[in-house]
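Shown below: my_file_33.cif, with mmCIF, C-alpha atoms and all ligand atoms.
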data_coords
loop_
_atom_site.label_atom_id
_atom_site.label_comp_id
_atom_site.auth_asym_id
_atom_site.auth_seq_id
_atom_site.Cartn_x
_atom_site.Cartn_y
_atom_site.Cartn_z
CA MET W 1 9.45 13.04 34.14
CA GLU W 2 7.62 12.84 30.81
CA LEU W 3 7.52 16.62 30.98
CA ILE W 4 11.31 16.82 31.17
CA GLN W 5 11.76 14.43 28.24
CA ARG W 6 9.26 16.40 26.17
CA TYR W 7 11.49 19.47 26.33
CA PHE W 8 14.81 17.62 26.56
CA PRO W 9 14.49 14.59 24.25
CA GLU W 10 18.23 13.91 24.06
CA LEU W 11 18.85 12.81 27.63
CA THR W 12 21.15 9.85 28.26
CA GLU W 13 20.02 6.78 30.23
CA THR W 14 22.03 8.06 33.20
CA GLN W 15 20.35 11.46 33.08
CA ILE W 16 16.88 9.90 32.79
CA ALA W 17 17.62 7.69 35.80
CA GLN W 18 18.91 10.66 37.81
CA PHE W 19 15.98 12.93 36.97
CA SER W 20 13.54 10.09 37.79
CA LYS W 21 15.18 9.54 41.14
CA LEU W 22 14.72 13.16 42.19
CA GLU W 23 11.08 12.67 43.12
CA THR W 24 11.72 9.93 45.70
CA LEU W 25 14.81 11.67 47.05
CA TYR W 26 13.01 14.96 47.63
CA GLN W 27 9.88 13.29 48.99
CA ASP W 28 11.97 11.35 51.52
CA TRP W 29 14.24 14.21 52.54
CA ASN W 30 11.46 16.74 52.65
CA LEU W 31 9.70 14.68 55.33
CA LYS W 32 12.81 14.97 57.51
CA ILE W 33 13.88 18.52 56.64
CA ASN W 34 11.34 20.75 54.95
CA VAL W 35 13.08 22.55 52.10
CA VAL W 36 10.38 22.45 49.41
CA SER W 37 6.75 23.46 50.05
CA ARG W 38 4.18 20.63 49.92
CA LYS W 39 2.44 22.06 46.85
CA ASP W 40 5.78 22.35 45.09
CA ILE W 41 6.76 18.77 45.95
CA ASP W 42 3.63 17.56 44.13
CA GLU W 43 4.73 19.54 41.10
CA LEU W 44 8.47 19.07 41.49
CA TYR W 45 9.18 18.45 37.80
CA LEU W 46 7.26 21.50 36.63
CA ARG W 47 8.02 24.07 39.32
CA HIS W 48 11.56 23.10 40.16
CA VAL W 49 13.19 20.83 37.60
CA LEU W 50 11.83 22.25 34.34
CA HIS W 51 12.06 25.80 35.70
CA SER W 52 15.73 25.31 36.65
CA LEU W 53 16.43 23.86 33.21
CA GLY W 54 15.18 27.09 31.64
CA ILE W 55 18.78 28.25 32.10
CA ALA W 56 19.95 25.28 29.97
CA LYS W 57 17.64 26.45 27.17
CA VAL W 58 19.32 29.86 27.22
CA GLN W 59 22.93 28.64 27.47
CA SER W 60 24.44 25.15 27.21
CA PHE W 61 27.42 24.86 29.51
CA LEU W 62 30.67 23.61 28.00
CA PRO W 63 32.80 20.81 29.48
CA ASP W 64 34.97 22.11 32.35
CA SER W 65 32.94 25.27 32.73
CA LYS W 66 32.46 26.49 36.30
CA LEU W 67 29.10 27.48 37.71
CA LEU W 68 28.13 28.91 41.08
CA ASP W 69 24.54 28.52 42.37
CA VAL W 70 23.92 31.24 44.94
CA GLY W 71 21.26 30.54 47.60
CA THR W 72 20.57 27.10 46.19
CA GLY W 73 18.04 26.20 48.95
CA GLY W 74 17.06 22.59 48.28
CA GLY W 75 19.30 22.55 45.18
CA PHE W 76 17.60 24.75 42.57
CA PRO W 77 18.61 25.51 39.92
CA GLY W 78 21.96 23.78 40.65
CA ILE W 79 20.95 20.12 40.89
CA PRO W 80 18.93 19.85 37.64
CA LEU W 81 21.68 21.77 35.82
CA ALA W 82 24.39 19.49 37.24
CA ILE W 83 22.46 16.47 35.91
CA MET W 84 22.06 18.15 32.54
CA PHE W 85 25.74 19.15 32.27
CA PRO W 86 27.75 16.32 33.87
CA ASP W 87 31.06 17.65 32.49
CA SER W 88 30.66 21.08 34.09
CA GLN W 89 31.65 21.83 37.67
CA PHE W 90 28.98 23.17 40.00
CA HIS W 91 29.40 24.88 43.37
CA LEU W 92 26.12 25.12 45.30
CA VAL W 93 26.05 27.56 48.22
CA ASP W 94 23.50 28.36 50.90
CA SER W 95 23.76 30.14 54.23
CA ILE W 96 21.35 27.71 55.95
CA ALA W 97 22.94 24.45 57.08
CA LYS W 98 19.85 22.22 56.87
CA LYS W 99 19.35 23.16 53.23
CA ILE W 100 22.91 22.17 52.35
CA LYS W 101 22.37 18.92 54.28
CA VAL W 102 19.46 18.04 51.94
CA VAL W 103 21.48 19.05 48.89
CA ASP W 104 24.38 16.84 50.03
CA GLU W 105 22.01 13.89 50.49
CA VAL W 106 20.46 14.40 47.06
CA VAL W 107 23.91 14.69 45.45
CA THR W 108 24.99 11.43 47.11
CA GLY W 109 21.70 9.71 46.23
CA LEU W 110 22.13 10.63 42.57
CA GLY W 111 25.82 9.80 42.48
CA LEU W 112 26.69 13.24 41.08
CA THR W 113 30.44 13.81 40.97
CA ASN W 114 30.39 17.34 39.53
CA VAL W 115 28.84 19.11 42.54
CA LYS W 116 30.58 20.77 45.46
CA THR W 117 28.53 22.37 48.24
CA SER W 118 29.25 25.01 50.86
CA HIS W 119 27.29 26.09 53.91
CA SER W 120 28.29 29.71 53.63
CA ARG W 121 27.17 33.17 52.69
CA VAL W 122 28.11 33.76 49.07
CA GLU W 123 30.08 36.86 50.06
CA ASP W 124 32.59 34.50 51.71
CA ILE W 125 33.04 32.22 48.70
CA ASN W 126 36.21 32.59 46.64
CA GLY W 127 36.72 31.41 43.09
CA GLN W 128 35.90 32.44 39.57
CA PHE W 129 33.04 31.14 37.50
CA ASP W 130 31.82 31.30 33.93
CA PHE W 131 28.29 31.91 35.17
CA ILE W 132 26.57 32.57 38.47
CA VAL W 133 23.11 31.00 38.45
CA SER W 134 20.30 31.64 40.91
CA ARG W 135 16.58 31.78 41.65
CA ALA W 136 14.64 33.78 44.23
CA VAL W 137 17.49 35.02 46.40
CA ALA W 138 17.98 38.79 46.18
CA VAL W 139 17.18 41.83 44.05
CA MET W 140 19.66 42.42 41.26
CA PRO W 141 21.69 45.28 42.83
CA THR W 142 22.32 43.25 46.01
CA PHE W 143 23.07 40.14 44.01
CA VAL W 144 25.53 41.93 41.71
CA HIS W 145 27.30 43.35 44.76
CA TRP W 146 27.66 39.84 46.24
CA VAL W 147 29.09 38.21 43.12
CA LYS W 148 31.35 40.83 41.55
CA GLY W 149 34.91 39.56 41.58
CA LYS W 150 33.72 35.97 41.08
CA ILE W 151 33.58 36.06 37.27
CA ALA W 152 36.18 34.17 35.21
CA LYS W 153 38.33 36.16 32.78
CA THR W 154 38.20 33.78 29.80
CA GLN W 155 35.00 33.90 27.73
CA ARG W 156 34.16 30.48 26.33
CA HIS W 157 30.42 30.53 25.83
CA GLU W 158 28.10 32.15 23.35
CA LEU W 159 26.75 34.39 26.12
CA LYS W 160 29.24 36.55 27.96
CA ASN W 161 30.31 35.41 31.43
CA GLY W 162 28.05 36.74 34.15
CA ILE W 163 24.73 36.10 35.87
CA LEU W 164 21.91 33.83 34.66
CA TYR W 165 19.03 34.53 37.03
CA LEU W 166 15.54 32.97 37.04
CA LYS W 167 13.09 35.75 37.74
CA GLY W 168 9.38 36.41 37.39
CA GLY W 169 7.01 39.30 36.78
CA ASP W 170 7.72 42.81 35.60
CA LEU W 171 11.45 43.47 35.79
CA THR W 172 11.44 46.95 34.23
CA GLU W 173 12.17 48.79 37.47
CA GLU W 174 14.58 46.24 38.94
CA LEU W 175 16.67 46.12 35.78
CA GLN W 176 16.48 49.74 34.69
CA THR W 177 20.08 50.48 35.63
CA TYR W 178 21.37 47.35 33.85
CA GLN W 179 21.48 48.35 30.18
CA THR W 180 23.35 45.18 29.21
CA ALA W 181 20.78 42.77 30.70
CA THR W 182 18.89 40.51 28.31
CA ILE W 183 15.55 38.98 29.27
CA TYR W 184 14.56 35.58 27.86
CA ASN W 185 10.87 34.71 28.28
CA LEU W 186 10.40 31.11 29.35
CA SER W 187 6.87 31.27 27.89
CA ASP W 188 8.54 31.25 24.46
CA ILE W 189 10.12 27.90 25.34
CA TYR W 190 7.66 26.16 27.67
CA LYS W 191 3.92 26.08 26.97
CA GLU W 192 2.71 25.41 30.54
CA ASP W 193 0.81 28.28 32.27
CA PHE W 194 3.31 28.22 35.14
CA PHE W 195 5.91 29.82 32.85
CA GLU W 196 3.68 32.64 31.60
CA THR W 197 5.58 35.33 33.53
CA LYS W 198 8.85 33.50 34.13
CA LYS W 199 12.11 34.70 32.66
CA VAL W 200 15.83 34.09 32.54
CA VAL W 201 17.85 37.27 32.96
CA HIS W 202 21.37 37.29 31.53
CA LEU W 203 23.58 40.02 32.91
CA PRO W 204 27.18 40.05 31.65
CA LEU W 205 29.67 41.01 34.35
CA LYS W 206 33.25 42.10 33.89
CA TYR W 207 36.22 40.19 35.22
CA ARG W 208 37.86 42.03 38.11
CA GLY W 209 41.41 40.80 38.56
C1 LIG W 301 13.77 31.68 48.59
S1 LIG W 301 15.13 30.62 48.82
C2 LIG W 301 15.42 30.05 47.17
C3 LIG W 301 16.07 28.70 47.14
C4 LIG W 301 16.34 28.14 45.73
N1 LIG W 301 17.24 28.99 44.97
C5 LIG W 301 15.06 27.94 44.99
O1 LIG W 301 14.72 28.72 44.08
O2 LIG W 301 14.33 26.96 45.29
C6 LIG W 301 16.50 31.75 49.10
C7 LIG W 301 17.74 31.05 49.62
O3 LIG W 301 18.84 31.94 49.57
C8 LIG W 301 19.65 31.72 50.70
N2 LIG W 301 20.47 32.93 50.87
C9 LIG W 301 20.03 34.19 51.10
N3 LIG W 301 21.08 35.04 51.18
C10 LIG W 301 22.21 34.30 50.99
C11 LIG W 301 23.60 34.62 50.95
N4 LIG W 301 24.05 35.86 51.13
N5 LIG W 301 24.48 33.61 50.73
C12 LIG W 301 24.04 32.33 50.55
N6 LIG W 301 22.73 31.99 50.57
C13 LIG W 301 21.83 32.95 50.79
C14 LIG W 301 18.66 31.42 51.80
O4 LIG W 301 19.25 30.70 52.86
C15 LIG W 301 17.60 30.60 51.07
O5 LIG W 301 17.85 29.21 51.15
#

As structure tokens:
Amino acid sequence: MELIQRYFPELTETQIAQFSKLETLYQDWNLKINVVSRKDIDELYLRHVLHSLGIAKVQSFLPDSKLLDVGTGGGFPGIPLAIMFPDSQFHLVDSIAKKIKVVDEVVTGLGLTNVKTSHSRVEDINGQFDFIVSRAVAVMPTFVHWVKGKIAKTQRHELKNGILYLKGGDLTEELQTYQTATIYNLSDIYKEDFFETKKVVHLPLKYRG
């Protein structure tokens, strides 16, 4: 938790309480339904919470903005971002029911009112969003195919509407056909070794009416 406050010193009391509660909630739920590996549970704040919040360092979400988290798994990056931006609306989607069950329990445990969840493949989700966020779900061409048509028309943020994807390693090949992609190195923001090769990829996508 200290780690989160080091990089995000402006948290409200409510946000601090919600971030603090994550550890117990995930420990308890992970015993019943395994959604986070044991090693990762021990380093929840580093590997999951701080990593998810890398997106917040790249773009702050405005009140009433709409975000879709594709393949949220146990709720990453969607849950930490929903705590960070309580006035934005988050839709967290996963195709595996037990993962959405854990997410629902965590959302209830935290008292988050800005999160909607769906047990669904993202291809079947309707709606339009300022940004589609994600981590570790699919290679970019597949992902782009899934989410095109889900981008809102009105641009309200500094970054253009589109995808904000947490990725690692060498992305040269994967992103070679995406000339408009911008890569933000999380190692420029976070000093921990874990982030050495971690990045946020911003890919603007056009509205398709
Ligand atoms: C490796 S996990 C990553 C989970 C989470 N984003 C994280 O980083 O901790 C990938 C998740 O994507 C989900 N997934 C894969 N394809 C999907 C699709 N087409 N629609 C919705 N969820 C999908 C899987 O069920 C799985 O929970």

W:Val137 environment, 9 Å, all atoms listed in the file, sequence neighbours closer than 5 positions dropped, as a PyMOL selection string: chain W and resi 70-72+143

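For the pair atom CA of W:Ser134 and atom CA of W:Ile151, the separation is 14.5 Å.
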
Could you give me the centre and size, in Å to one decimal, of an axis-aligned box around all listed atoms of ligand LIG 301 (chain W) with 3 Å added on every side, as JSON?
{"center_x": 19.1, "center_y": 31.4, "center_z": 48.5, "size_x": 16.7, "size_y": 14.9, "size_z": 14.8}

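Taking all atoms listed in the file into account, the protein and nucleic acid residues that come at most 6 Å from ligand LIG 301 (chain W) are Val70, Gly71, Thr72, Gly73, Gly74, Phe76, Val93, Asp94, Ser95, Ile96, Ser120, Arg121, Val122, Ser134, Arg135, Ala136 and Val137 of chain W.
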
Could you write out that same residue set with C-alpha atoms as a PDB file, keeping the file's coordinate frame?
ATOM      1  CA  VAL W  70      23.920  31.240  44.940  1.00  0.00           C
ATOM      2  CA  GLY W  71      21.260  30.540  47.600  1.00  0.00           C
ATOM      3  CA  THR W  72      20.570  27.100  46.190  1.00  0.00           C
ATOM      4  CA  GLY W  73      18.040  26.200  48.950  1.00  0.00           C
ATOM      5  CA  GLY W  74      17.060  22.590  48.280  1.00  0.00           C
ATOM      6  CA  PHE W  76      17.600  24.750  42.570  1.00  0.00           C
ATOM      7  CA  VAL W  93      26.050  27.560  48.220  1.00  0.00           C
ATOM      8  CA  ASP W  94      23.500  28.360  50.900  1.00  0.00           C
ATOM      9  CA  SER W  95      23.760  30.140  54.230  1.00  0.00           C
ATOM     10  CA  ILE W  96      21.350  27.710  55.950  1.00  0.00           C
ATOM     11  CA  SER W 120      28.290  29.710  53.630  1.00  0.00           C
ATOM     12  CA  ARG W 121      27.170  33.170  52.690  1.00  0.00           C
ATOM     13  CA  VAL W 122      28.110  33.760  49.070  1.00  0.00           C
ATOM     14  CA  SER W 134      20.300  31.640  40.910  1.00  0.00           C
ATOM     15  CA  ARG W 135      16.580  31.780  41.650  1.00  0.00           C
ATOM     16  CA  ALA W 136      14.640  33.780  44.230  1.00  0.00           C
ATOM     17  CA  VAL W 137      17.490  35.020  46.400  1.00  0.00           C
TER      18      VAL W 137
END

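Nearest residue to W:Pro86, choosing from W:Gln27, W:Ile41, W:Leu11, W:Tyr184 and counting only C-alpha atoms: W:Leu11.
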
For W:Tyr7: contacts at 9 Å, only C-alpha atoms, fewer than 5 positions along chain excluded, given as a PyMOL selection string: chain W and resi 2+50+189-190

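Shortest separation to W:Asp104 among W:Pro77, W:Trp29, W:Phe194, W:Tyr45 occurs at residue W:Trp29, atoms counted being all atoms listed in the file.
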
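Straight-line separation from atom CA of W:Pro80 to atom CA of W:Lys153: 25.8 Å.
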
Reconstruct stretch 166-201 of chain W at the level of N, CA and C atoms, and format the result as an mmCIF file, in the frame of the given file.
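Writing the result to out-v2.cif gives the following:
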data_model
loop_
_atom_site.group_PDB
_atom_site.id
_atom_site.type_symbol
_atom_site.label_atom_id
_atom_site.label_comp_id
_atom_site.auth_asym_id
_atom_site.auth_seq_id
_atom_site.Cartn_x
_atom_site.Cartn_y
_atom_site.Cartn_z
ATOM 1 N N LEU W 166 16.950 33.273 37.302
ATOM 2 C CA LEU W 166 15.540 32.970 37.040
ATOM 3 C C LEU W 166 14.688 33.965 37.815
ATOM 4 N N LYS W 167 13.929 34.743 37.080
ATOM 5 C CA LYS W 167 13.090 35.750 37.740
ATOM 6 C C LYS W 167 11.689 35.748 37.140
ATOM 7 N N GLY W 168 10.747 36.363 37.890
ATOM 8 C CA GLY W 168 9.380 36.410 37.390
ATOM 9 C C GLY W 168 8.833 37.817 37.423
ATOM 10 N N GLY W 169 7.724 38.023 36.713
ATOM 11 C CA GLY W 169 7.010 39.300 36.780
ATOM 12 C C GLY W 169 7.652 40.407 35.979
ATOM 13 N N ASP W 170 7.246 41.633 36.326
ATOM 14 C CA ASP W 170 7.720 42.810 35.600
ATOM 15 C C ASP W 170 9.082 43.247 36.158
ATOM 16 N N LEU W 171 10.085 43.199 35.319
ATOM 17 C CA LEU W 171 11.450 43.470 35.790
ATOM 18 C C LEU W 171 11.933 44.864 35.380
ATOM 19 N N THR W 172 11.034 45.649 34.783
ATOM 20 C CA THR W 172 11.440 46.950 34.230
ATOM 21 C C THR W 172 12.183 47.792 35.266
ATOM 22 N N GLU W 173 11.570 47.930 36.446
ATOM 23 C CA GLU W 173 12.170 48.790 37.470
ATOM 24 C C GLU W 173 13.469 48.196 38.010
ATOM 25 N N GLU W 174 13.408 46.886 38.334
ATOM 26 C CA GLU W 174 14.580 46.240 38.940
ATOM 27 C C GLU W 174 15.803 46.273 38.022
ATOM 28 N N LEU W 175 15.541 46.205 36.716
ATOM 29 C CA LEU W 175 16.670 46.120 35.780
ATOM 30 C C LEU W 175 16.981 47.426 35.059
ATOM 31 N N GLN W 176 16.326 48.506 35.483
ATOM 32 C CA GLN W 176 16.480 49.740 34.690
ATOM 33 C C GLN W 176 17.900 50.276 34.651
ATOM 34 N N THR W 177 18.704 49.964 35.661
ATOM 35 C CA THR W 177 20.080 50.480 35.630
ATOM 36 C C THR W 177 21.037 49.503 34.929
ATOM 37 N N TYR W 178 20.500 48.359 34.491
ATOM 38 C CA TYR W 178 21.370 47.350 33.850
ATOM 39 C C TYR W 178 21.093 47.314 32.341
ATOM 40 N N GLN W 179 21.721 48.214 31.621
ATOM 41 C CA GLN W 179 21.480 48.350 30.180
ATOM 42 C C GLN W 179 21.890 47.094 29.407
ATOM 43 N N THR W 180 22.839 46.330 29.960
ATOM 44 C CA THR W 180 23.350 45.180 29.210
ATOM 45 C C THR W 180 22.572 43.883 29.512
ATOM 46 N N ALA W 181 21.555 43.978 30.368
ATOM 47 C CA ALA W 181 20.780 42.770 30.700
ATOM 48 C C ALA W 181 19.909 42.346 29.521
ATOM 49 N N THR W 182 19.798 41.048 29.326
ATOM 50 C CA THR W 182 18.890 40.510 28.310
ATOM 51 C C THR W 182 17.878 39.616 29.013
ATOM 52 N N ILE W 183 16.608 39.786 28.646
ATOM 53 C CA ILE W 183 15.550 38.980 29.270
ATOM 54 C C ILE W 183 15.069 37.940 28.264
ATOM 55 N N TYR W 184 15.081 36.689 28.682
ATOM 56 C CA TYR W 184 14.560 35.580 27.860
ATOM 57 C C TYR W 184 13.259 35.101 28.502
ATOM 58 N N ASN W 185 12.167 35.142 27.744
ATOM 59 C CA ASN W 185 10.870 34.710 28.280
ATOM 60 C C ASN W 185 10.761 33.194 28.207
ATOM 61 N N LEU W 186 10.537 32.571 29.361
ATOM 62 C CA LEU W 186 10.400 31.110 29.350
ATOM 63 C C LEU W 186 9.094 30.673 28.688
ATOM 64 N N SER W 187 8.130 31.603 28.575
ATOM 65 C CA SER W 187 6.870 31.270 27.890
ATOM 66 C C SER W 187 7.095 31.037 26.390
ATOM 67 N N ASP W 188 8.220 31.519 25.871
ATOM 68 C CA ASP W 188 8.540 31.250 24.460
ATOM 69 C C ASP W 188 9.079 29.824 24.284
ATOM 70 N N ILE W 189 9.479 29.219 25.379
ATOM 71 C CA ILE W 189 10.120 27.900 25.340
ATOM 72 C C ILE W 189 9.179 26.824 25.869
ATOM 73 N N TYR W 190 8.558 27.123 27.006
ATOM 74 C CA TYR W 190 7.660 26.160 27.670
ATOM 75 C C TYR W 190 6.212 26.639 27.521
ATOM 76 N N LYS W 191 5.319 25.705 27.219
ATOM 77 C CA LYS W 191 3.920 26.080 26.970
ATOM 78 C C LYS W 191 3.037 26.055 28.226
ATOM 79 N N GLU W 192 3.520 25.508 29.330
ATOM 80 C CA GLU W 192 2.710 25.410 30.540
ATOM 81 C C GLU W 192 2.442 26.797 31.144
ATOM 82 N N ASP W 193 1.210 26.981 31.705
ATOM 83 C CA ASP W 193 0.810 28.280 32.270
ATOM 84 C C ASP W 193 1.791 28.790 33.318
ATOM 85 N N PHE W 194 2.380 27.854 34.066
ATOM 86 C CA PHE W 194 3.310 28.220 35.140
ATOM 87 C C PHE W 194 4.403 29.170 34.647
ATOM 88 N N PHE W 195 4.770 29.050 33.368
ATOM 89 C CA PHE W 195 5.910 29.820 32.850
ATOM 90 C C PHE W 195 5.508 31.154 32.198
ATOM 91 N N GLU W 196 4.201 31.457 32.292
ATOM 92 C CA GLU W 196 3.680 32.640 31.600
ATOM 93 C C GLU W 196 4.485 33.912 31.899
ATOM 94 N N THR W 197 4.873 34.086 33.154
ATOM 95 C CA THR W 197 5.580 35.330 33.530
ATOM 96 C C THR W 197 7.040 35.084 33.907
ATOM 97 N N LYS W 198 7.499 33.861 33.672
ATOM 98 C CA LYS W 198 8.850 33.500 34.130
ATOM 99 C C LYS W 198 9.912 33.831 33.064
ATOM 100 N N LYS W 199 11.046 34.267 33.566
ATOM 101 C CA LYS W 199 12.110 34.700 32.660
ATOM 102 C C LYS W 199 13.485 34.248 33.139
ATOM 103 N N VAL W 200 14.411 34.224 32.187
ATOM 104 C CA VAL W 200 15.830 34.090 32.540
ATOM 105 C C VAL W 200 16.469 35.429 32.215
ATOM 106 N N VAL W 201 17.140 36.008 33.199
ATOM 107 C CA VAL W 201 17.850 37.270 32.960
ATOM 108 C C VAL W 201 19.327 36.965 32.817
#
